[in-house]
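Student: This is coords-v2.txt, which holds compact mmCIF, C-alpha atoms:
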# COMPACT_ATOMS: atom_id res chain seq x y z
CA MET A 1 -64.00 1.71 55.85
CA GLU A 2 -63.23 -1.16 53.46
CA ARG A 3 -59.60 -2.15 53.37
CA ASP A 4 -58.51 -3.61 50.05
CA LEU A 5 -55.21 -2.47 48.57
CA LYS A 6 -56.84 0.11 46.32
CA THR A 7 -58.51 1.72 49.35
CA LEU A 8 -55.21 1.82 51.21
CA VAL A 9 -53.46 3.47 48.27
CA THR A 10 -56.21 6.07 47.98
CA PHE A 11 -56.21 6.71 51.73
CA VAL A 12 -52.44 7.30 51.86
CA ALA A 13 -52.46 9.53 48.78
CA ARG A 14 -55.28 11.62 50.25
CA ALA A 15 -53.71 11.85 53.71
CA VAL A 16 -50.39 12.98 52.25
CA SER A 17 -52.20 15.46 50.01
CA ALA A 18 -53.99 16.90 53.04
CA ALA A 19 -50.72 17.22 54.97
CA THR A 20 -49.04 18.83 51.96
CA ARG A 21 -51.88 21.34 51.67
CA LYS A 22 -51.52 22.07 55.38
CA ALA A 23 -47.79 22.75 54.86
CA VAL A 24 -48.58 25.13 51.99
CA GLU A 25 -51.14 26.89 54.19
CA LEU A 26 -48.64 27.25 57.08
CA GLY A 27 -46.13 28.85 54.71
CA GLU A 28 -42.90 29.87 56.44
CA ALA A 29 -44.61 30.77 59.72
CA ALA A 30 -44.69 27.60 61.84
CA THR A 31 -41.15 27.68 63.19
CA GLU A 32 -41.77 27.93 66.95
CA VAL A 33 -40.27 25.19 69.10
CA VAL A 34 -43.17 23.29 70.67
CA ALA A 35 -41.29 20.41 72.33
CA THR A 36 -37.89 18.83 72.80
CA ARG A 37 -37.30 15.18 72.05
CA ARG A 38 -36.43 12.75 74.83
CA GLU A 39 -32.75 12.18 75.46
CA GLY A 40 -31.23 9.53 73.21
CA TYR A 41 -33.79 9.95 70.44
CA ARG A 42 -32.49 11.96 67.45
CA GLU A 43 -30.02 13.73 69.73
CA TRP A 44 -28.55 15.56 66.68
CA ASP A 45 -31.97 17.18 66.13
CA PRO A 46 -33.55 17.71 69.55
CA GLU A 47 -36.30 20.24 68.84
CA VAL A 48 -39.83 19.76 67.51
CA ILE A 49 -41.26 22.79 65.71
CA ARG A 50 -44.89 23.66 65.08
CA ILE A 51 -45.00 22.43 61.48
CA ASP A 52 -43.77 18.98 62.62
CA ARG A 53 -46.58 18.77 65.16
CA GLU A 54 -49.35 20.22 63.00
CA LEU A 55 -48.65 17.85 60.13
CA GLU A 56 -48.34 14.88 62.46
CA ASN A 57 -51.74 15.77 63.97
CA THR A 58 -53.20 15.83 60.45
CA TYR A 59 -52.01 12.25 59.92
CA VAL A 60 -53.18 11.05 63.34
CA GLN A 61 -56.67 12.41 62.70
CA ALA A 62 -56.84 10.83 59.23
CA LEU A 63 -55.70 7.46 60.59
CA GLN A 64 -58.16 7.59 63.49
CA GLU A 65 -61.04 8.34 61.14
CA THR A 66 -60.43 5.09 59.20
CA GLY A 67 -61.48 2.97 62.16
CA TRP A 68 -58.63 0.56 61.36
CA ARG A 69 -56.35 -0.99 63.97
CA ILE A 70 -53.03 0.71 63.41
CA THR A 71 -49.65 1.00 65.10
CA LEU A 72 -48.39 4.45 64.16
CA LEU A 73 -44.61 4.95 64.13
CA SER A 74 -43.95 8.63 63.72
CA GLU A 75 -41.08 11.03 64.24
CA GLU A 76 -42.58 13.05 67.09
CA LEU A 77 -45.12 10.73 68.77
CA GLN A 78 -42.78 7.79 68.20
CA ARG A 79 -45.19 4.83 68.77
CA VAL A 80 -48.94 5.10 69.22
CA GLU A 81 -51.48 2.27 69.19
CA LEU A 82 -54.68 3.37 67.43
CA PRO A 83 -57.50 0.98 68.30
CA GLY A 84 -59.81 -0.23 65.54
CA GLU A 85 -60.94 -3.11 63.43
CA GLY A 86 -59.37 -5.62 61.07
CA GLU A 87 -55.91 -7.07 60.76
CA PRO A 88 -53.29 -4.80 62.34
CA LEU A 89 -51.41 -2.36 60.13
CA PHE A 90 -48.28 -0.33 60.65
CA ALA A 91 -48.26 3.31 59.56
CA VAL A 92 -44.83 4.92 59.29
CA CYS A 93 -44.89 8.68 59.17
CA ASP A 94 -42.31 11.43 58.67
CA PRO A 95 -44.63 14.42 59.21
CA PHE A 96 -42.20 17.06 57.97
CA ASP A 97 -38.76 16.35 56.55
CA GLY A 98 -36.60 19.46 56.14
CA SER A 99 -37.19 21.21 59.47
CA ALA A 100 -33.63 22.58 59.71
CA LEU A 101 -34.08 24.26 56.32
CA TYR A 102 -37.62 25.38 57.13
CA ARG A 103 -36.53 27.12 60.34
CA ARG A 104 -34.35 29.45 58.26
CA ARG A 105 -36.90 29.83 55.43
CA ILE A 106 -34.66 27.95 52.99
CA ARG A 107 -37.21 26.77 50.44
CA ALA A 108 -35.64 23.46 49.48
CA PHE A 109 -36.21 19.83 50.31
CA TRP A 110 -39.40 20.18 52.35
CA PHE A 111 -41.36 16.92 52.29
CA THR A 112 -44.01 14.96 54.16
CA ALA A 113 -44.41 11.18 53.95
CA LEU A 114 -46.62 8.29 55.07
CA ALA A 115 -46.36 4.57 54.39
CA LEU A 116 -48.55 1.62 55.34
CA TYR A 117 -47.35 -1.90 56.01
CA GLY A 118 -49.46 -4.98 56.51
CA GLU A 119 -48.71 -8.49 57.60
CA ALA A 120 -48.40 -9.65 54.00
CA ALA A 121 -45.69 -7.01 53.46
CA ARG A 122 -47.88 -5.10 51.03
CA VAL A 123 -47.03 -1.43 50.84
CA ALA A 124 -48.87 1.75 50.05
CA ASN A 125 -46.33 4.55 50.21
CA PHE A 126 -46.32 8.15 49.01
CA MET B 1 -31.30 56.57 29.64
CA GLU B 2 -30.11 58.64 32.64
CA ARG B 3 -27.54 56.92 34.78
CA ASP B 4 -27.66 57.95 38.44
CA LEU B 5 -27.40 55.26 41.11
CA LYS B 6 -31.17 55.02 41.60
CA THR B 7 -31.61 54.35 37.88
CA LEU B 8 -28.96 51.63 37.98
CA VAL B 9 -30.62 49.94 40.97
CA THR B 10 -34.01 50.01 39.26
CA PHE B 11 -32.54 48.76 35.99
CA VAL B 12 -30.84 45.76 37.65
CA ALA B 13 -33.90 44.87 39.75
CA ARG B 14 -36.10 45.00 36.65
CA ALA B 15 -33.64 43.04 34.47
CA VAL B 16 -33.39 40.30 37.10
CA SER B 17 -37.17 40.31 37.50
CA ALA B 18 -37.53 39.81 33.73
CA ALA B 19 -35.03 36.94 33.74
CA THR B 20 -36.75 35.37 36.75
CA ARG B 21 -40.14 35.58 35.00
CA LYS B 22 -38.54 33.98 31.95
CA ALA B 23 -37.27 31.12 34.14
CA VAL B 24 -40.76 30.65 35.60
CA GLU B 25 -42.21 30.61 32.08
CA LEU B 26 -39.64 28.03 30.86
CA GLY B 27 -40.60 25.75 33.74
CA GLU B 28 -38.65 22.51 33.70
CA ALA B 29 -38.49 22.25 29.92
CA ALA B 30 -35.31 24.05 28.84
CA THR B 31 -32.80 21.29 29.54
CA GLU B 32 -31.40 20.66 26.06
CA VAL B 33 -27.65 21.06 25.66
CA VAL B 34 -27.10 23.98 23.29
CA ALA B 35 -23.31 24.37 23.51
CA THR B 36 -20.20 23.08 25.20
CA ARG B 37 -17.78 25.41 26.95
CA ARG B 38 -14.23 25.91 25.65
CA GLU B 39 -11.57 23.67 27.12
CA GLY B 40 -10.11 25.03 30.35
CA TYR B 41 -13.20 27.09 31.27
CA ARG B 42 -15.40 25.50 33.94
CA GLU B 43 -14.09 22.07 32.98
CA TRP B 44 -16.11 20.55 35.86
CA ASP B 45 -19.29 21.83 34.18
CA PRO B 46 -18.77 21.71 30.39
CA GLU B 47 -22.32 21.94 29.00
CA VAL B 48 -24.56 24.94 28.40
CA ILE B 49 -28.30 24.17 28.48
CA ARG B 50 -31.14 26.15 26.95
CA ILE B 51 -32.21 27.93 30.14
CA ASP B 52 -28.64 29.27 30.58
CA ARG B 53 -28.71 30.72 27.08
CA GLU B 54 -32.27 32.06 27.12
CA LEU B 55 -31.76 33.92 30.39
CA GLU B 56 -28.39 35.26 29.25
CA ASN B 57 -30.05 36.57 26.09
CA THR B 58 -32.66 38.31 28.24
CA TYR B 59 -29.87 40.16 30.04
CA VAL B 60 -27.95 41.02 26.87
CA GLN B 61 -31.07 42.55 25.35
CA ALA B 62 -31.84 44.57 28.48
CA LEU B 63 -28.28 45.86 28.68
CA GLN B 64 -28.22 46.76 24.97
CA GLU B 65 -31.46 48.72 25.30
CA THR B 66 -29.93 51.02 27.93
CA GLY B 67 -27.55 52.54 25.38
CA TRP B 68 -24.81 52.49 28.02
CA ARG B 69 -21.22 51.46 27.34
CA ILE B 70 -20.87 48.14 29.15
CA THR B 71 -18.39 45.29 29.41
CA LEU B 72 -20.54 42.23 30.06
CA LEU B 73 -18.86 39.36 31.92
CA SER B 74 -21.21 36.40 31.80
CA GLU B 75 -21.00 32.68 32.31
CA GLU B 76 -21.73 31.61 28.75
CA LEU B 77 -20.69 34.55 26.55
CA GLN B 78 -17.74 35.19 28.86
CA ARG B 79 -16.73 38.73 27.80
CA VAL B 80 -18.69 40.99 25.45
CA GLU B 81 -18.16 44.70 24.82
CA LEU B 82 -21.50 46.47 24.37
CA PRO B 83 -20.98 49.85 22.70
CA GLY B 84 -22.83 52.88 24.09
CA GLU B 85 -22.50 56.18 25.87
CA GLY B 86 -21.16 57.43 29.20
CA GLU B 87 -18.46 56.19 31.52
CA PRO B 88 -17.83 52.47 31.06
CA LEU B 89 -19.57 49.98 33.35
CA PHE B 90 -18.99 46.32 34.10
CA ALA B 91 -22.00 44.00 34.22
CA VAL B 92 -21.40 40.61 35.84
CA CYS B 93 -24.06 38.04 35.10
CA ASP B 94 -24.76 34.50 36.24
CA PRO B 95 -27.76 33.83 33.98
CA PHE B 96 -28.85 30.62 35.67
CA ASP B 97 -27.25 29.12 38.75
CA GLY B 98 -28.41 25.59 39.50
CA SER B 99 -28.25 24.02 36.04
CA ALA B 100 -27.15 20.60 37.31
CA LEU B 101 -30.24 20.46 39.56
CA TYR B 102 -32.47 21.88 36.83
CA ARG B 103 -31.43 19.19 34.36
CA ARG B 104 -32.88 16.57 36.72
CA ARG B 105 -35.91 18.69 37.64
CA ILE B 106 -34.71 19.02 41.25
CA ARG B 107 -36.57 22.14 42.29
CA ALA B 108 -34.03 23.67 44.64
CA PHE B 109 -31.39 26.37 44.47
CA TRP B 110 -32.30 27.85 41.07
CA PHE B 111 -31.19 31.47 40.82
CA THR B 112 -30.36 34.19 38.33
CA ALA B 113 -28.13 37.16 39.14
CA LEU B 114 -26.79 40.41 37.73
CA ALA B 115 -24.47 43.03 39.24
CA LEU B 116 -23.10 46.35 38.02
CA TYR B 117 -19.70 47.86 38.79
CA ASP B 118 -18.25 51.18 37.70
CA GLY B 119 -15.20 51.38 35.43
CA GLN B 120 -12.86 51.21 38.44
CA GLY B 121 -14.59 48.07 39.72
CA ASN B 122 -16.52 49.71 42.57
CA PRO B 123 -19.76 47.85 43.26
CA LEU B 124 -22.93 49.75 42.32
CA THR B 125 -25.80 47.31 42.70
CA ALA B 126 -26.83 43.66 42.29
CA ALA B 127 -29.98 41.57 42.29
CA ILE B 128 -30.65 37.87 42.65
CA GLY B 129 -33.86 36.28 41.40
CA ASP B 130 -35.42 33.10 42.74
CA PRO B 131 -37.92 31.61 40.27
CA LEU B 132 -39.07 28.97 42.76
CA ALA B 133 -39.87 31.38 45.60
CA ARG B 134 -40.80 34.06 43.01
CA ARG B 135 -38.86 36.81 44.71
CA ILE B 136 -36.04 39.26 44.02
CA GLU B 137 -33.36 40.27 46.50
CA PHE B 138 -31.38 43.37 45.60
CA ALA B 139 -28.82 45.92 46.77
CA SER B 140 -29.41 49.65 46.90
CA PRO B 141 -27.68 52.59 48.63
CA GLU B 142 -30.27 52.26 51.44
CA GLY B 143 -29.38 48.61 52.08
CA ALA B 144 -30.57 45.23 50.83
CA PHE B 145 -34.22 44.47 50.06
CA VAL B 146 -36.52 41.64 49.04
CA ALA B 147 -39.59 42.03 46.85
CA PRO B 148 -42.12 39.65 45.38
CA LEU B 149 -41.58 38.96 41.69
CA GLY B 150 -43.39 41.59 39.65
CA ASN B 151 -43.98 43.94 42.57
CA LEU B 152 -40.81 45.84 43.40
CA GLU B 153 -42.84 48.54 45.18
CA HIS B 154 -43.62 46.01 47.94
CA LYS B 155 -39.98 45.74 48.94
CA ARG B 156 -38.98 45.18 52.55
CA PRO B 157 -35.51 45.44 54.10
CA LEU B 158 -33.32 42.40 54.60
CA GLN B 159 -31.37 42.05 57.80
CA PRO B 160 -28.60 39.53 58.52
CA ASN B 161 -28.96 37.56 61.77
CA ARG B 162 -27.05 38.75 64.84
CA VAL B 163 -25.54 35.31 65.42
CA THR B 164 -22.18 35.57 67.19
CA ASN B 165 -21.27 31.94 67.99
CA LEU B 166 -20.24 29.35 65.43
CA CYS B 167 -22.28 26.67 67.20
CA ASP B 168 -25.48 28.61 66.34
CA ALA B 169 -24.48 29.42 62.77
CA TYR B 170 -25.80 28.10 59.47
CA LEU B 171 -22.98 27.93 56.92
CA ALA B 172 -23.48 27.86 53.14
CA THR B 173 -20.78 26.47 50.88
CA TYR B 174 -20.98 24.77 47.51
CA LEU B 175 -20.68 20.99 47.85
CA MET B 176 -22.93 19.43 45.26
CA LYS B 177 -20.48 18.46 42.51
CA PRO B 178 -17.80 15.96 43.57
CA HIS B 179 -15.21 18.34 42.04
CA PHE B 180 -15.98 20.62 45.02
CA LEU B 181 -17.37 18.19 47.59
CA TYR B 182 -14.40 16.09 48.59
CA PRO B 183 -11.63 18.74 48.63
CA THR B 184 -13.89 21.16 50.53
CA VAL B 185 -15.11 18.85 53.28
CA GLU B 186 -11.61 17.47 53.81
CA GLN B 187 -9.97 20.90 53.98
CA PHE B 188 -12.60 22.59 56.15
CA LYS B 189 -13.60 19.79 58.49
CA PRO B 190 -12.60 21.80 61.64
CA LEU B 191 -15.00 24.58 60.62
CA PHE B 192 -17.84 22.41 59.35
CA SER B 193 -17.70 20.31 62.53
CA VAL B 194 -18.52 23.21 64.84
CA VAL B 195 -21.36 25.01 63.01
CA LYS B 196 -25.03 24.15 63.48
CA PHE B 197 -25.88 23.37 59.85
CA VAL B 198 -24.14 23.22 56.48
CA LEU B 199 -26.19 24.22 53.44
CA PRO B 200 -24.44 22.76 50.40
CA ASN B 201 -25.12 25.66 48.04
CA GLY B 202 -23.11 28.71 47.04
CA GLY B 203 -22.85 30.92 43.96
CA PRO B 204 -24.33 34.42 43.98
CA CYS B 205 -27.10 33.32 46.34
CA GLY B 206 -24.54 32.44 49.01
CA PHE B 207 -24.28 36.17 49.66
CA ALA B 208 -28.06 36.66 49.64
CA ASP B 209 -28.43 33.75 52.05
CA VAL B 210 -26.35 35.63 54.63
CA VAL B 211 -28.04 38.97 53.93
CA SER B 212 -31.52 37.50 54.39
CA GLY B 213 -30.74 35.51 57.55
CA ARG B 214 -31.23 32.15 55.85
CA CYS B 215 -27.57 31.48 56.67
CA ASP B 216 -24.96 33.31 58.73
CA ILE B 217 -21.74 32.40 56.91
CA TYR B 218 -21.02 31.89 53.22
CA LEU B 219 -17.72 30.17 52.56
CA ALA B 220 -16.83 30.53 48.88
CA VAL B 221 -14.19 27.96 48.02
CA ARG B 222 -12.47 28.15 44.62
CA GLN B 223 -15.56 29.93 43.29
CA PRO B 224 -15.45 31.31 39.73
CA MET B 225 -15.20 35.09 39.33
CA ILE B 226 -18.67 35.42 37.84
CA GLU B 227 -20.40 33.55 40.66
CA VAL B 228 -18.66 35.79 43.21
CA PHE B 229 -19.06 39.22 41.65
CA ALA B 230 -22.64 38.66 40.46
CA GLY B 231 -23.73 38.52 44.12
CA LEU B 232 -21.13 40.33 46.22
CA PRO B 233 -22.69 43.85 46.18
CA ILE B 234 -25.82 42.66 48.00
CA ALA B 235 -23.67 41.50 50.94
CA LEU B 236 -21.77 44.79 51.03
CA ALA B 237 -25.03 46.79 50.89
CA ALA B 238 -26.34 44.90 53.95
CA GLY B 239 -23.18 45.48 55.98
CA CYS B 240 -21.92 41.90 55.92
CA ILE B 241 -18.20 41.31 56.34
CA VAL B 242 -16.60 39.90 53.17
CA THR B 243 -12.89 39.09 52.93
CA ASP B 244 -10.50 36.53 51.57
CA PHE B 245 -9.31 33.80 53.92
CA ALA B 246 -6.55 36.09 55.23
CA GLY B 247 -8.98 38.87 56.13
CA ASN B 248 -8.26 41.13 53.14
CA PRO B 249 -10.96 42.98 51.19
CA VAL B 250 -11.96 41.58 47.80
CA PRO B 251 -11.04 43.87 44.89
CA PHE B 252 -12.87 43.55 41.58
CA ASP B 253 -10.88 41.90 38.80
CA ALA B 254 -12.42 41.43 35.35
CA ASP B 255 -10.50 38.19 34.70
CA ILE B 256 -13.33 35.67 34.29
CA ASN B 257 -10.97 32.73 34.72
CA ARG B 258 -9.95 33.77 38.22
CA ARG B 259 -11.30 31.81 41.19
CA TYR B 260 -11.76 32.99 44.74
CA ASP B 261 -11.60 31.81 48.33
CA LEU B 262 -13.83 34.14 50.35
CA VAL B 263 -15.78 34.30 53.55
CA CYS B 264 -18.94 36.38 54.01
CA CYS B 265 -20.29 36.68 57.57
CA ALA B 266 -23.34 38.24 59.17
CA THR B 267 -21.36 39.60 62.15
CA PRO B 268 -17.77 40.60 62.96
CA GLU B 269 -17.74 38.03 65.78
CA LEU B 270 -18.45 35.16 63.40
CA HIS B 271 -15.95 36.50 60.88
CA GLU B 272 -13.20 36.54 63.49
CA GLN B 273 -13.96 32.98 64.62
CA VAL B 274 -14.05 31.69 61.03
CA LEU B 275 -10.73 33.34 60.15
CA THR B 276 -9.13 31.94 63.29
CA LEU B 277 -10.13 28.42 62.23
CA LEU B 278 -9.11 28.97 58.61
CA MET B 279 -5.65 30.22 59.57
CA ARG B 280 -4.86 27.27 61.85
Could you render the structure from this file as structure tokens?

Tutor:
Amino acid sequence: MERDLKTLVTFVARAVSAATRKAVELGEAATEVVATRREGYREWDPEVIRIDRELENTYVQALQETGWRITLLSEELQRVELPGEGEPLFAVCDPFDGSALYRRRIRAFWFTALALYGEAARVANF
Amino acid sequence: MERDLKTLVTFVARAVSAATRKAVELGEAATEVVATRREGYREWDPEVIRIDRELENTYVQALQETGWRITLLSEELQRVELPGEGEPLFAVCDPFDGSALYRRRIRAFWFTALALYDGQGNPLTAAIGDPLARRIEFASPEGAFVAPLGNLEHKRPLQPNRVTNLCDAYLATYLMKPHFLYPTVEQFKPLFSVVKFVLPNGGPCGFADVVSGRCDIYLAVRQPMIEVFAGLPIALAAGCIVTDFAGNPVPFDADINRRYDLVCCATPELHEQVLTLLMR
């Protein structure tokens, strides 16, 4: 995949759209605890629920499919090196923000976010 | 119109459904200031916007069409006597809760609520509409229910959580305006420090939050009469424990300028622990 700034912007917008659609599709149902975070990391919020993981997997798949060389920094996986081509990029991902509200079906402040950073400090962020 | 309890429940659920549909239809567009409140009344929130007025008008029209004799206590009109037949009723209405968020198009915590009380102030029924989730939660003699907007026949019962320990509890209390934020967090730090989560919203939906299991405790601090009594019957219908901070029941009082300190809990165990902390 080409990698000019316009492509990056389009990629991030599409990836976040796909994750948002996934959240809509999951509705209020994906509240099961699927993991606990390692000690010392977000100790005020130790549990990972299914919506966190499912949305993170959506981003990982989208990033892998680009074929770009990316360091993914994400809330659940923490740091993952995705092999690929071109200058290295950082992807910073908050798969699902609002888990504490979501677990009680409080329909407020549910978000998903992805940003890209390159060596020249250019940003594509939605 | 006949006036047995079933009729009153259906009337309130339908009136709140109509107001909720109106809110959906208005979308984010009804933010113009249409009036300012009189000095001394809700001085922390002096402006009335169009959605407040349009939803209040929806309720006034529905109440007038019943032909019942009703004293309407509502946030904008304050007190209106609607002439009609039968024993007098009180209607308590919060036409649109969440105006400060609505004005900035923050799509969270928008609600509309109506409750009915008999002439002695005994709660009869209440309903709370959520235009964002498109649902109605309401009180009936059989308990509290939720239904999708426009489909009251598809109601299902609401059940508070059986949470018994403060460390597992979600607590709702209004914190969004600085007028409430700083005094509340300073005064109630011992309580807020031990619960699992604090949801910074209150109003009539604070009661529905406990009834539905979204939260386990609603702490109403200096809450205006209308915001309390527009939602209280739904908590009582679901068997929640509602008292003042000294553990006393909450009698109806038609004084719209009165403010209340109340606690609504999902279980007696939580209620006892909250009161113990409040009385320290």

Student: List the spatial neighbours of Tyr41 (chain A) as a PyMOL selection string - criterion: any atom at most 12 Å away, all atoms listed in the file, same-chain residues fewer than 4 positions off excluded.

Tutor: chain A and resi 36-37+45-48+75-78

Student: Rank nothing, just name the residue among A:Glu56, A:Asp97, A:Glu28, A:Asp4 nearest to chain B, using all atoms listed in the file.

Tutor: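 Answer, going by the shortest atom-to-atom distance: A:Glu28.
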
Student: Return the neighbours of chain A among the residues of chain B, cut-off 8 Å, counting all atoms listed in the file, as a PyMOL selection string.

Tutor: chain B and resi 107-109+133+197+213-215

Student: Please indicate the distance in Å from CA of Gly118 (chain A) to CA of Pro88 (chain A), rounded to one decimal place.

Tutor: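 Calculated distance between CA of Gly118 (chain A) and CA of Pro88 (chain A) is 7.0 Å.
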
Student: Do you know which residues lie at most 12 Å from (-57.6, 5.0, 58.3), with coordinates as in the file and all atoms listed in the file counted, and could you write them as a PyMOL selection string?

Tutor: chain A and resi 1-4+7-15+58-72+82-86+88-91+114-116
